[in-house]
$ cat target.cif   # mmCIF, C-alpha atoms
data_final
#
loop_
_atom_site.group_PDB
_atom_site.id
_atom_site.type_symbol
_atom_site.label_atom_id
_atom_site.label_comp_id
_atom_site.auth_asym_id
_atom_site.auth_seq_id
_atom_site.Cartn_x
_atom_site.Cartn_y
_atom_site.Cartn_z
ATOM 1 C CA MET N 1 -20.559 6.775 4.877
ATOM 2 C CA PHE N 2 -24.323 6.283 4.972
ATOM 3 C CA SER N 3 -24.748 8.241 1.723
ATOM 4 C CA VAL N 4 -21.926 6.350 0.008
ATOM 5 C CA HIS N 5 -23.489 3.011 0.834
ATOM 6 C CA LEU N 6 -26.886 4.227 -0.448
ATOM 7 C CA VAL N 7 -25.274 5.092 -3.782
ATOM 8 C CA ALA N 8 -23.680 1.622 -3.897
ATOM 9 C CA ASN N 9 -27.089 0.113 -3.181
ATOM 10 C CA ALA N 10 -28.658 1.948 -6.116
ATOM 11 C CA LEU N 11 -25.744 1.008 -8.376
ATOM 12 C CA TRP N 12 -26.249 -2.690 -7.643
ATOM 13 C CA SER N 13 -29.840 -2.524 -8.891
ATOM 14 C CA TRP N 14 -28.729 -0.954 -12.157
ATOM 15 C CA LEU N 15 -25.869 -3.432 -12.624
ATOM 16 C CA PHE N 16 -28.000 -6.493 -11.987
ATOM 17 C CA PHE N 17 -31.431 -5.655 -13.364
ATOM 18 C CA TYR N 18 -30.914 -3.032 -16.065
ATOM 19 C CA TRP N 19 -27.436 -3.791 -17.444
ATOM 20 C CA GLN N 20 -27.610 -7.513 -16.536
ATOM 21 C CA LYS N 21 -23.972 -7.716 -15.472
ATOM 22 C CA GLY N 22 -23.987 -10.567 -12.948
ATOM 23 C CA GLY N 23 -20.263 -10.490 -12.150
ATOM 24 C CA LEU N 24 -20.090 -6.733 -11.729
ATOM 25 C CA ALA N 25 -23.285 -6.790 -9.701
ATOM 26 C CA PHE N 26 -21.782 -9.406 -7.380
ATOM 27 C CA ALA N 27 -18.646 -7.289 -6.975
ATOM 28 C CA GLY N 28 -20.875 -4.297 -6.296
ATOM 29 C CA ILE N 29 -22.864 -6.150 -3.663
ATOM 30 C CA ALA N 30 -19.608 -7.248 -2.003
ATOM 31 C CA VAL N 31 -18.553 -3.595 -1.817
ATOM 32 C CA LEU N 32 -22.020 -2.687 -0.540
ATOM 33 C CA TRP N 33 -21.749 -5.357 2.166
ATOM 34 C CA CYS N 34 -18.412 -3.895 3.322
ATOM 35 C CA LEU N 35 -19.863 -0.381 3.338
ATOM 36 C CA ILE N 36 -22.813 -1.513 5.460
ATOM 37 C CA VAL N 37 -20.439 -3.127 7.969
ATOM 38 C CA ALA N 38 -18.403 0.097 8.067
ATOM 39 C CA THR N 39 -21.598 2.106 8.586
ATOM 40 C CA ILE N 40 -22.656 -0.186 11.432
ATOM 41 C CA LEU N 41 -19.267 0.266 13.093
ATOM 42 C CA LEU N 42 -19.438 4.046 12.733
ATOM 43 C CA PHE N 43 -23.010 4.178 14.016
ATOM 44 C CA TRP N 44 -22.051 1.958 16.978
ATOM 45 C CA ARG N 45 -19.915 4.786 18.359
ATOM 46 C CA LYS N 46 -22.843 7.214 18.320
ATOM 47 C CA SER N 47 -25.932 5.062 18.845
ATOM 48 C CA ARG N 48 -25.937 1.328 19.401
ATOM 49 C CA ILE N 49 -29.642 1.148 18.614
ATOM 50 C CA SER N 50 -29.039 2.740 15.204
ATOM 51 C CA ALA N 51 -26.239 0.280 14.521
ATOM 52 C CA LEU N 52 -28.356 -2.697 15.559
ATOM 53 C CA LEU N 53 -31.209 -1.536 13.326
ATOM 54 C CA LEU N 54 -28.872 -1.945 10.335
ATOM 55 C CA VAL N 55 -28.184 -5.624 11.113
ATOM 56 C CA PRO N 56 -31.356 -6.927 9.365
ATOM 57 C CA TYR N 57 -30.387 -4.841 6.332
ATOM 58 C CA LEU N 58 -26.952 -6.494 6.368
ATOM 59 C CA ALA N 59 -28.642 -9.908 6.557
ATOM 60 C CA TRP N 60 -30.871 -9.002 3.610
ATOM 61 C CA VAL N 61 -27.898 -7.849 1.511
ATOM 62 C CA THR N 62 -26.088 -11.093 2.406
ATOM 63 C CA PHE N 63 -29.101 -13.052 1.126
ATOM 64 C CA ALA N 64 -29.275 -10.859 -2.006
ATOM 65 C CA GLY N 65 -25.582 -11.530 -2.594
ATOM 66 C CA ALA N 66 -26.164 -15.279 -2.404
ATOM 67 C CA LEU N 67 -29.043 -14.946 -4.866
ATOM 68 C CA ASN N 68 -26.936 -12.755 -7.149
ATOM 69 C CA TRP N 69 -24.139 -15.349 -7.123
ATOM 70 C CA SER N 70 -26.397 -18.298 -7.860
ATOM 71 C CA ILE N 71 -28.430 -16.539 -10.567
ATOM 72 C CA TRP N 72 -25.220 -15.333 -12.210
ATOM 73 C CA HIS N 73 -23.712 -18.819 -12.232
ATOM 74 C CA LEU N 74 -26.896 -20.540 -13.362
ATOM 75 C CA ASN N 75 -27.361 -18.071 -16.262
ATOM 76 C CA PRO N 76 -23.878 -17.216 -17.570
ATOM 77 C CA GLU N 77 -25.131 -16.631 -21.112
ATOM 78 C CA THR N 78 -27.546 -13.866 -20.101
ATOM 79 C CA LEU N 79 -25.732 -12.319 -17.121
ATOM 80 C CA GLY N 80 -22.235 -11.950 -18.507
#
$ encode --input "target.cif" --output "structure tokens"
Amino acid sequence: MFSVHLVANALWSWLFFYWQKGGLAFAGIAVLWCLIVATILLFWRKSRISALLLVPYLAWVTFAGALNWSIWHLNPETLG
């Protein structure tokens, strides 16, 4: 699960910055957010400290998602 969410993280960067696909990038970050939550839940069973260390990352991705949404909606002509 950890590896899958790392791939999703890398994909978001390509979707948003390189391909400039705001809508797809937002969908990708929503999937990434769900994968991080799933990873936290899986880690919780093995090591609560490891799970808790992922919480700031989840907060950061939440903030990035809000930025993605607002940039996409403020620039629809460039981030189709």
$ residues_around --input "target.cif" --residues "Ala8 in chain N" --least-positions-apart "6" --cutoff "9 Å" --atoms "all atoms listed in the file" --output "PyMOL selection string"
chain N and resi 28-29+31-32+35
$ atom_distance --input "target.cif" --atom1 "CA of Leu54 in chain N" --atom2 "CA of Thr39 in chain N"
8.5 Å
$ resolve_selection --input "target.cif" --expression "the PyMOL selection byres ((chain N and resi 58-64) around 9)" --output "VMD selection string"
chain N and resid 29 to 30 32 to 33 36 to 37 54 to 57 65 to 69
$ closest_residue --input "target.cif" --among "N:Tyr18, N:Phe26, N:Phe2, N:Trp72" --to "Leu42 in chain N" --atoms "all atoms listed in the file"
N:Phe2
$ atom_distance --input "target.cif" --atom1 "CA of Ala38 in chain N" --atom2 "CA of Val7 in chain N"
14.6 Å
$ atom_distance --input "target.cif" --atom1 "CA of Leu74 in chain N" --atom2 "CA of Ala27 in chain N"
16.9 Å
$ residues_around --input "target.cif" --residues "Leu24 in chain N" --least-positions-apart "5" --cutoff "9 Å" --atoms "only C-alpha atoms" --output "PyMOL selection string"
chain N and resi 12+15-16+29+80
$ residues_around --input "target.cif" --residues "Glu77 in chain N" --least-positions-apart "6" --cutoff "12 Å" --atoms "all atoms listed in the file" --output "list of chain:residue names"
N:Gln20, N:Lys21, N:Gly22, N:Gly23, N:Ile71
$ axis_aligned_box --input "target.cif" --around "range 32-40 of chain N" --padding-each-side "5 Å" --output "JSON"
{"center_x": -20.6, "center_y": -1.6, "center_z": 5.4, "size_x": 14.4, "size_y": 17.5, "size_z": 22.0}
